[in-house]
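Text of the file my_file_11.csv, holding CSV, C-alpha atoms:
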```csv
chain,number,residue,atom,x,y,z
A,1,MET,CA,100.9,39.1,27.2
A,2,ILE,CA,97.5,40.2,28.5
A,3,ILE,CA,96.5,41.4,25.0
A,4,ALA,CA,97.4,38.0,23.5
A,5,LEU,CA,95.5,36.1,26.2
A,6,SER,CA,92.5,38.4,25.7
A,7,ALA,CA,92.6,37.9,22.0
A,8,THR,CA,92.8,34.1,22.4
A,9,ALA,CA,89.9,34.2,24.9
A,10,ILE,CA,87.8,36.2,22.4
A,11,VAL,CA,88.6,33.7,19.6
A,12,VAL,CA,87.7,30.8,21.9
A,13,LEU,CA,84.4,32.5,22.9
A,14,ALA,CA,83.6,33.2,19.3
A,15,LEU,CA,84.2,29.6,18.3
A,16,LEU,CA,82.1,28.3,21.3
A,17,TRP,CA,79.3,30.7,20.2
A,18,GLU,CA,79.4,29.3,16.7
A,19,ILE,CA,79.3,25.7,18.0
A,20,SER,CA,76.5,26.4,20.4
A,21,ILE,CA,74.1,28.2,18.0
A,22,PRO,CA,72.7,25.0,16.4
A,23,TRP,CA,72.3,23.5,19.9
A,24,ILE,CA,70.4,26.5,21.2
A,25,ASP,CA,68.3,26.5,18.0
A,26,ARG,CA,67.4,22.8,18.6
A,27,ARG,CA,66.5,23.5,22.2
A,28,LEU,CA,64.3,26.4,21.3
A,29,ASP,CA,62.6,24.4,18.5
A,30,GLU,CA,62.0,21.6,21.0
A,31,ARG,CA,60.5,24.0,23.6
A,32,ARG,CA,58.3,25.5,20.9
A,33,ARG,CA,57.1,22.1,19.8
A,34,ARG,CA,56.3,21.0,23.3
A,35,ARG,CA,54.4,24.2,24.0
A,36,GLU,CA,52.3,23.6,20.9
A,37,LEU,CA,51.6,20.0,21.8
A,38,ARG,CA,50.7,21.1,25.3
A,39,ARG,CA,48.3,23.7,23.9
A,40,ALA,CA,46.7,21.0,21.7
A,41,GLY,CA,46.2,18.8,24.8
A,42,ALA,CA,48.5,16.0,23.5
A,43,LEU,CA,50.9,16.2,26.5
A,44,GLY,CA,48.0,16.3,29.0
A,45,ALA,CA,47.4,12.6,28.4
A,46,PRO,CA,49.6,10.2,30.3
A,47,HIS,CA,52.2,8.4,28.1
A,48,ASP,CA,50.8,5.1,26.8
A,49,PRO,CA,53.1,3.2,24.5
A,50,GLY,CA,50.4,0.7,23.5
A,51,ARG,CA,47.8,3.3,22.5
A,52,GLU,CA,48.8,3.5,18.8
A,53,ARG,CA,49.0,-0.3,18.6
A,54,ARG,CA,45.5,-0.7,20.1
A,55,ALA,CA,44.2,2.0,17.8
A,56,GLU,CA,45.7,0.1,14.8
A,57,GLN,CA,44.2,-3.2,16.1
A,58,ARG,CA,40.7,-1.6,16.3
A,59,ALA,CA,41.2,-0.1,12.8
A,60,ARG,CA,42.1,-3.5,11.4
A,61,GLU,CA,39.0,-5.0,12.8
A,62,LEU,CA,36.9,-2.3,11.4
A,63,LEU,CA,38.5,-2.7,8.0
A,64,LYS,CA,38.0,-6.4,8.1
A,65,SER,CA,34.3,-5.9,8.9
A,66,CYS,CA,33.8,-3.6,5.9
A,67,VAL,CA,35.8,-5.0,2.9
A,68,ASN,CA,35.3,-8.2,1.0
A,69,GLU,CA,37.0,-11.4,2.3
A,70,GLU,CA,39.4,-11.3,-0.7
A,71,GLU,CA,40.3,-7.7,-0.1
A,72,TRP,CA,40.9,-8.3,3.6
A,73,ALA,CA,43.2,-11.3,2.8
A,74,MET,CA,45.1,-9.1,0.2
A,75,TYR,CA,45.7,-6.4,2.8
A,76,ARG,CA,46.7,-8.8,5.5
A,77,ASP,CA,49.1,-10.7,3.2
A,78,LEU,CA,50.4,-8.0,1.0
A,79,GLY,CA,49.9,-4.7,2.9
A,80,PHE,CA,47.8,-3.0,0.3
A,81,LEU,CA,44.4,-3.2,-1.4
A,82,ARG,CA,43.4,-3.3,-5.1
A,83,VAL,CA,40.2,-1.4,-5.9
A,84,TRP,CA,38.8,-1.6,-9.4
A,85,GLY,CA,38.0,1.7,-11.0
A,86,GLY,CA,34.5,2.4,-11.9
A,87,GLN,CA,34.9,5.0,-14.7
A,88,SER,CA,35.6,2.7,-17.6
A,89,ASP,CA,32.0,2.7,-18.9
A,90,PRO,CA,32.2,2.1,-22.7
A,91,ASP,CA,29.9,5.0,-23.2
A,92,GLY,CA,31.3,7.2,-20.5
A,93,PRO,CA,33.1,10.5,-20.8
A,94,SER,CA,36.4,9.2,-19.6
A,95,GLU,CA,39.4,8.6,-21.8
A,96,LEU,CA,39.4,5.1,-20.2
A,97,ARG,CA,36.3,4.1,-22.1
A,98,GLY,CA,36.0,0.3,-22.0
A,99,VAL,CA,39.5,-0.1,-20.4
A,100,ASP,CA,39.7,-1.8,-17.1
A,101,TYR,CA,41.8,0.1,-14.6
A,102,ALA,CA,42.4,-0.3,-10.9
A,103,TYR,CA,44.0,1.5,-7.9
A,104,LEU,CA,46.5,0.3,-5.4
A,105,VAL,CA,45.7,1.6,-2.0
A,106,TYR,CA,48.6,1.8,0.5
A,107,PRO,CA,48.4,3.2,4.0
A,108,HIS,CA,49.5,6.8,4.2
A,109,LYS,CA,50.8,6.8,0.6
A,110,PRO,CA,49.3,8.1,-2.6
A,111,ILE,CA,46.7,6.0,-4.4
A,112,VAL,CA,48.3,4.5,-7.5
A,113,ALA,CA,46.2,4.1,-10.6
A,114,TYR,CA,47.3,1.4,-13.2
A,115,LEU,CA,46.1,-0.8,-16.1
A,116,PRO,CA,45.9,-4.4,-14.9
A,117,GLN,CA,46.2,-5.8,-18.4
A,118,THR,CA,49.6,-4.2,-19.1
A,119,GLY,CA,50.8,-3.2,-15.6
A,120,ARG,CA,51.2,0.4,-16.9
A,121,LEU,CA,51.1,3.0,-14.1
A,122,LEU,CA,48.8,5.9,-14.9
A,123,ASN,CA,48.9,8.4,-12.0
A,124,GLU,CA,49.4,9.0,-8.4
A,125,TYR,CA,46.6,10.5,-6.4
A,126,CYS,CA,48.0,12.2,-3.3
A,127,VAL,CA,45.2,12.3,-0.7
A,128,GLU,CA,45.1,12.5,3.1
A,129,PHE,CA,42.4,12.3,5.7
A,130,PRO,CA,43.8,14.7,8.4
A,131,ASP,CA,41.9,15.0,11.7
A,132,GLU,CA,42.7,18.6,12.6
A,133,THR,CA,41.4,18.1,16.2
A,134,ARG,CA,44.7,16.2,16.7
A,135,PRO,CA,43.4,14.2,19.7
A,136,TYR,CA,47.0,13.1,20.6
A,137,GLY,CA,48.9,15.8,18.8
A,138,SER,CA,48.8,14.2,15.4
A,139,PRO,CA,46.2,14.5,12.6
A,140,ARG,CA,47.2,11.0,11.2
A,141,LEU,CA,44.7,8.2,11.3
A,142,PRO,CA,45.9,4.6,12.1
A,143,ASP,CA,47.2,2.9,9.0
A,144,SER,CA,44.2,0.6,8.5
A,145,ASP,CA,41.7,3.5,9.0
A,146,ASP,CA,43.6,5.4,6.3
A,147,VAL,CA,43.2,2.4,3.9
A,148,LEU,CA,39.5,2.0,4.9
A,149,ALA,CA,38.8,5.7,4.3
A,150,LYS,CA,40.4,5.5,0.8
A,151,TRP,CA,38.5,2.3,0.1
A,152,MET,CA,35.1,3.8,1.1
A,153,ALA,CA,35.7,7.0,-0.8
A,154,LEU,CA,36.8,5.1,-4.0
A,155,CYS,CA,33.8,2.7,-3.7
A,156,GLY,CA,31.3,5.3,-2.7
A,157,ASP,CA,32.3,8.4,-4.7
A,158,GLU,CA,35.3,7.8,-6.9
A,159,ARG,CA,35.0,11.1,-8.8
A,160,ARG,CA,34.9,13.1,-5.5
A,161,ILE,CA,38.0,11.6,-4.0
A,162,ILE,CA,39.9,11.9,-7.3
A,163,ALA,CA,38.8,15.5,-7.5
A,164,GLU,CA,40.0,16.2,-4.0
A,165,ALA,CA,43.4,14.5,-4.6
A,166,ASN,CA,46.5,16.1,-6.0
A,167,LEU,CA,47.3,14.4,-9.3
A,168,HIS,CA,50.9,13.5,-10.0
A,169,LEU,CA,52.7,11.4,-12.6
A,170,PRO,CA,53.8,7.9,-11.3
A,171,GLY,CA,57.0,8.0,-9.3
A,172,ARG,CA,56.5,11.3,-7.5
A,173,GLN,CA,56.1,9.6,-4.0
A,174,VAL,CA,55.8,5.9,-4.6
A,175,ASP,CA,58.8,4.2,-6.3
A,176,PRO,CA,57.5,2.7,-9.6
A,177,ARG,CA,59.8,-0.3,-9.1
A,178,GLN,CA,58.1,-1.0,-5.7
A,179,VAL,CA,54.7,-0.8,-7.4
A,180,GLN,CA,55.8,-3.2,-10.2
A,181,ARG,CA,57.1,-5.6,-7.5
A,182,ASP,CA,53.7,-5.2,-5.7
A,183,LEU,CA,51.8,-6.0,-8.9
A,184,TRP,CA,54.0,-9.1,-9.4
A,185,ARG,CA,53.3,-10.1,-5.8
A,186,LEU,CA,49.6,-9.5,-6.3
A,187,GLY,CA,49.6,-11.7,-9.4
A,188,ARG,CA,51.4,-14.5,-7.7
A,189,TRP,CA,49.1,-14.2,-4.6
A,190,GLU,CA,46.0,-14.4,-6.8
A,191,ARG,CA,47.4,-17.5,-8.6
A,192,GLU,CA,48.1,-19.2,-5.3
A,193,ARG,CA,44.8,-18.3,-4.0
A,194,LEU,CA,43.0,-19.7,-7.1
A,195,ALA,CA,45.1,-22.9,-6.9
A,196,ARG,CA,44.1,-23.3,-3.2
A,197,ALA,CA,40.4,-22.7,-4.1
A,198,LEU,CA,40.6,-25.3,-6.9
A,199,ARG,CA,42.3,-27.8,-4.6
A,200,ALA,CA,39.6,-27.3,-2.0
A,201,ALA,CA,36.9,-27.8,-4.7
A,202,GLY,CA,38.6,-31.1,-5.7
A,203,ALA,CA,39.9,-29.9,-9.1
A,204,ASP,CA,43.4,-30.2,-10.4
A,205,PRO,CA,44.8,-26.7,-10.9
A,206,GLN,CA,47.3,-27.9,-13.6
A,207,ARG,CA,44.5,-29.4,-15.6
A,208,GLN,CA,42.5,-26.2,-15.2
A,209,ALA,CA,45.4,-24.1,-16.5
A,210,GLU,CA,45.7,-26.2,-19.7
A,211,PRO,CA,44.0,-24.9,-22.8
A,212,ALA,CA,40.6,-26.5,-23.5
A,213,ASP,CA,41.7,-27.9,-26.9
A,214,GLY,CA,45.1,-29.0,-25.9
B,1,MET,CA,37.9,7.0,13.0
B,2,ARG,CA,40.3,9.2,15.0
B,3,PRO,CA,44.0,9.4,15.3
B,4,GLY,CA,45.3,7.6,18.3
B,5,PHE,CA,41.9,5.9,18.9
B,6,GLY,CA,40.8,4.0,15.8
B,7,GLU,CA,37.1,3.2,15.9
B,8,GLN,CA,35.0,5.1,18.5
B,9,LEU,CA,31.3,4.8,19.1
B,10,ILE,CA,29.8,8.2,18.7
B,11,ALA,CA,26.1,7.5,19.1
B,12,GLU,CA,23.7,4.6,18.8
B,13,GLY,CA,20.0,4.2,18.7
B,14,ASP,CA,16.9,2.8,17.0
B,15,VAL,CA,15.6,4.8,14.0
B,16,GLU,CA,12.2,3.4,14.7
B,17,ASP,CA,12.1,5.3,18.0
B,18,ALA,CA,11.3,9.0,17.2
B,19,GLU,CA,13.4,10.4,20.1
B,20,GLU,CA,16.4,8.2,19.3
B,21,GLU,CA,16.1,9.0,15.7
B,22,ARG,CA,16.2,12.8,16.5
B,23,ALA,CA,19.3,12.3,18.6
B,24,LEU,CA,20.9,10.3,15.7
B,25,ILE,CA,20.1,13.0,13.2
B,26,GLY,CA,21.5,15.7,15.5
B,27,GLU,CA,24.8,13.7,15.9
B,28,PHE,CA,24.9,13.0,12.1
B,29,ARG,CA,24.6,16.8,11.4
B,30,ARG,CA,27.2,17.6,14.1
B,31,GLN,CA,29.7,15.3,12.5
B,32,LEU,CA,29.1,16.7,9.0
B,33,ASP,CA,29.3,20.2,10.4
B,34,GLN,CA,32.7,19.4,11.8
B,35,GLY,CA,33.8,18.5,8.3
B,36,MET,CA,33.6,14.8,8.5
B,37,TRP,CA,32.6,12.5,5.6
B,38,ALA,CA,30.1,9.7,6.3
B,39,ALA,CA,29.9,6.3,4.6
B,40,VAL,CA,27.7,3.3,5.0
B,41,PRO,CA,29.1,-0.1,4.4
B,42,ILE,CA,26.7,-2.2,2.3
B,43,THR,CA,26.5,-5.7,1.0
B,44,ARG,CA,25.1,-6.1,-2.5
B,45,THR,CA,22.7,-8.9,-3.4
B,46,ASP,CA,25.5,-10.9,-4.9
B,47,GLY,CA,27.3,-10.7,-1.6
B,48,ARG,CA,29.8,-8.1,-2.6
B,49,ARG,CA,30.7,-5.5,0.0
B,50,GLU,CA,30.9,-1.9,-1.0
B,51,ALA,CA,30.4,1.5,0.6
B,52,GLU,CA,28.1,4.4,-0.1
B,53,MET,CA,28.9,8.0,0.8
B,54,VAL,CA,26.0,9.7,2.4
B,55,ARG,CA,25.5,13.5,2.6
B,56,SER,CA,22.2,13.6,4.5
B,57,PHE,CA,20.4,11.4,7.0
B,58,THR,CA,17.7,10.4,4.6
B,59,ASP,CA,20.4,8.9,2.3
B,60,ILE,CA,21.1,6.3,4.9
B,61,PRO,CA,19.3,3.0,4.3
B,62,ARG,CA,16.9,2.4,7.1
B,63,ASP,CA,18.2,-1.1,7.8
B,64,THR,CA,21.9,-0.2,7.9
B,65,GLY,CA,23.7,-1.2,11.0
B,66,ARG,CA,26.3,1.6,11.2
B,67,VAL,CA,27.5,4.8,9.7
B,68,ILE,CA,31.3,5.5,9.6
B,69,PHE,CA,32.6,9.0,9.9
B,70,PHE,CA,36.1,9.9,8.8
B,71,PRO,CA,38.0,13.1,8.2
B,72,ARG,CA,37.3,14.7,4.8
B,73,ALA,CA,39.9,14.1,2.1
B,74,ALA,CA,42.5,16.8,1.4
B,75,GLY,CA,45.1,16.8,-1.3
B,76,GLY,CA,48.4,15.8,0.0
B,77,GLY,CA,52.0,15.4,-1.1
B,78,GLU,CA,52.6,18.9,-2.4
```
What is this structure when it is put down as structure tokens?
Amino acid sequence: MIIALSATAIVVLALLWEISIPWIDRRLDERRRRRELRRAGALGAPHDPGRERRAEQRARELLKSCVNEEEWAMYRDLGFLRVWGGQSDPDGPSELRGVDYAYLVYPHKPIVAYLPQTGRLLNEYCVEFPDETRPYGSPRLPDSDDVLAKWMALCGDERRIIAEANLHLPGRQVDPRQVQRDLWRLGRWERERLARALRAAGADPQRQAEPADG
Amino acid sequence: MRPGFGEQLIAEGDVEDAEEERALIGEFRRQLDQGMWAAVPITRTDGRREAEMVRSFTDIPRDTGRVIFFPRAAGGGE
């Protein structure tokens, strides 16, 4: 009887041990993570739930003050920026000689290069701007700062940013169907914007759209 | 630009004042030594806004209002 009870107790203990291992692992991981955050100074600051939101608000204001009015409106309405590529010089060394190309710039996603004429996706350029001082435990810039950093780098030194990025075929991180949808949204957004501008100028957008000879 | 902060003023001064210019140069170098990239927002004569990356203080147009520092790019998504 005692032997049977002991055997049962051993089995129960073994099962409990099996069940509790993942829980213990999680607790240890959590402790380790908190210790690292404390070392980085992130837990020293009092919890402020609005901090990230205020940082993003400041970042949006900075972005708005730097980019063109059309680009700001695009980001505000669609959530991404289109930046025209500058390496399509007809006499340039690039394979894109004479072909217009552009980039879609999303916050914290790869830069997507594409051909506006056909909508064909060319590449994904995976690039980040990590701040390793991790002032609040994270190296991640606010969304709009990430977009502004990509915009400045593409405008200011396209070759350098492309050289720093990891090049991938389309679809590695950004769903090509989402990009195609975004390109469609961008086209519709531009048509509506043009129609509004024509209306404001007193012209009839329908008439403007008709062929000159027809 | 900093995580959790957004835009932060690092230094300000008048480049026409020699002492303030020295302080600005010192801060510019310190930021670049920390691995930051620097860019100057510019407005072209046709009104188009762009940005220029700058690698030395002398690259900065004298009449510019601000220089923006941001962490240097690193390949991601591996």
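Compared by their closest atoms to chain A, and using only C-alpha atoms, the residues B:Gly47, B:Gly26, B:Gly6, B:Pro61 rank with B:Gly6 nearest.
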Across B:Gly13, B:Glu52, B:Arg44, B:Glu7, the smallest distance to Gly156 (chain A), with all atoms listed in the file counted, is shown by B:Glu52
For a quick test of understanding: name the residues of chain B lying within 7 Å of chain A when counting only C-alpha atoms, and present them as a list in words.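 On the chain B side, the interface is Met1, Arg2, Pro3, Gly4, Phe5, Gly6, Glu7, Ala39, Pro41, Arg48, Arg49, Glu50, Ala51, Glu52, Met53, Phe70, Pro71, Arg72, Ala73, Ala74, Gly75, Gly76 and Gly77 of chain B.
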If I take CA of Asp14 (chain B) and CA of Glu27 (chain B), how far is one from the other in Å, to one decimal?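 It comes out at 13.5 Å.
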One number please: CA of Trp37 (chain B) to CA of Trp84 (chain A), in Å, one decimal. 21.5 Å
Atomic separation - CA of Gln34 (chain B) relative to CA of Glu21 (chain B), Å: 20.0 Å
Using the incomplete input, complete region 18-32 of chain B to the level of N, CA and C atoms; output as a PDB file, keeping the file's coordinate frame.
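Saved the output as rebuild28.pdb:
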```
ATOM      1  N   ALA B  18      11.262   7.571  17.675  1.00  0.00           N
ATOM      2  CA  ALA B  18      11.300   9.000  17.200  1.00  0.00           C
ATOM      3  C   ALA B  18      12.388   9.773  17.969  1.00  0.00           C
ATOM      4  N   GLU B  19      12.420   9.583  19.274  1.00  0.00           N
ATOM      5  CA  GLU B  19      13.400  10.400  20.100  1.00  0.00           C
ATOM      6  C   GLU B  19      14.806   9.978  19.774  1.00  0.00           C
ATOM      7  N   GLU B  20      15.040   8.684  19.664  1.00  0.00           N
ATOM      8  CA  GLU B  20      16.400   8.200  19.300  1.00  0.00           C
ATOM      9  C   GLU B  20      16.792   8.640  17.943  1.00  0.00           C
ATOM     10  N   GLU B  21      15.837   8.618  17.031  1.00  0.00           N
ATOM     11  CA  GLU B  21      16.100   9.000  15.700  1.00  0.00           C
ATOM     12  C   GLU B  21      16.547  10.513  15.634  1.00  0.00           C
ATOM     13  N   ARG B  22      15.828  11.346  16.412  1.00  0.00           N
ATOM     14  CA  ARG B  22      16.200  12.800  16.500  1.00  0.00           C
ATOM     15  C   ARG B  22      17.607  12.953  16.978  1.00  0.00           C
ATOM     16  N   ALA B  23      17.955  12.159  18.002  1.00  0.00           N
ATOM     17  CA  ALA B  23      19.300  12.300  18.600  1.00  0.00           C
ATOM     18  C   ALA B  23      20.342  11.837  17.505  1.00  0.00           C
ATOM     19  N   LEU B  24      20.012  10.789  16.754  1.00  0.00           N
ATOM     20  CA  LEU B  24      20.900  10.300  15.700  1.00  0.00           C
ATOM     21  C   LEU B  24      21.095  11.356  14.604  1.00  0.00           C
ATOM     22  N   ILE B  25      19.980  11.975  14.234  1.00  0.00           N
ATOM     23  CA  ILE B  25      20.100  13.000  13.200  1.00  0.00           C
ATOM     24  C   ILE B  25      20.917  14.180  13.678  1.00  0.00           C
ATOM     25  N   GLY B  26      20.716  14.568  14.941  1.00  0.00           N
ATOM     26  CA  GLY B  26      21.500  15.700  15.500  1.00  0.00           C
ATOM     27  C   GLY B  26      22.996  15.343  15.479  1.00  0.00           C
ATOM     28  N   GLU B  27      23.338  14.123  15.860  1.00  0.00           N
ATOM     29  CA  GLU B  27      24.800  13.700  15.900  1.00  0.00           C
ATOM     30  C   GLU B  27      25.311  13.638  14.473  1.00  0.00           C
ATOM     31  N   PHE B  28      24.499  13.122  13.549  1.00  0.00           N
ATOM     32  CA  PHE B  28      24.900  13.000  12.100  1.00  0.00           C
ATOM     33  C   PHE B  28      25.266  14.418  11.604  1.00  0.00           C
ATOM     34  N   ARG B  29      24.380  15.387  11.874  1.00  0.00           N
ATOM     35  CA  ARG B  29      24.600  16.800  11.400  1.00  0.00           C
ATOM     36  C   ARG B  29      25.851  17.358  12.041  1.00  0.00           C
ATOM     37  N   ARG B  30      26.008  17.076  13.331  1.00  0.00           N
ATOM     38  CA  ARG B  30      27.200  17.600  14.100  1.00  0.00           C
ATOM     39  C   ARG B  30      28.463  17.145  13.437  1.00  0.00           C
ATOM     40  N   GLN B  31      28.497  15.859  13.110  1.00  0.00           N
ATOM     41  CA  GLN B  31      29.700  15.300  12.500  1.00  0.00           C
ATOM     42  C   GLN B  31      30.000  15.929  11.151  1.00  0.00           C
ATOM     43  N   LEU B  32      28.942  16.078  10.348  1.00  0.00           N
ATOM     44  CA  LEU B  32      29.100  16.700   9.000  1.00  0.00           C
ATOM     45  C   LEU B  32      29.537  18.151   9.137  1.00  0.00           C
TER      46      LEU B  32
END
```
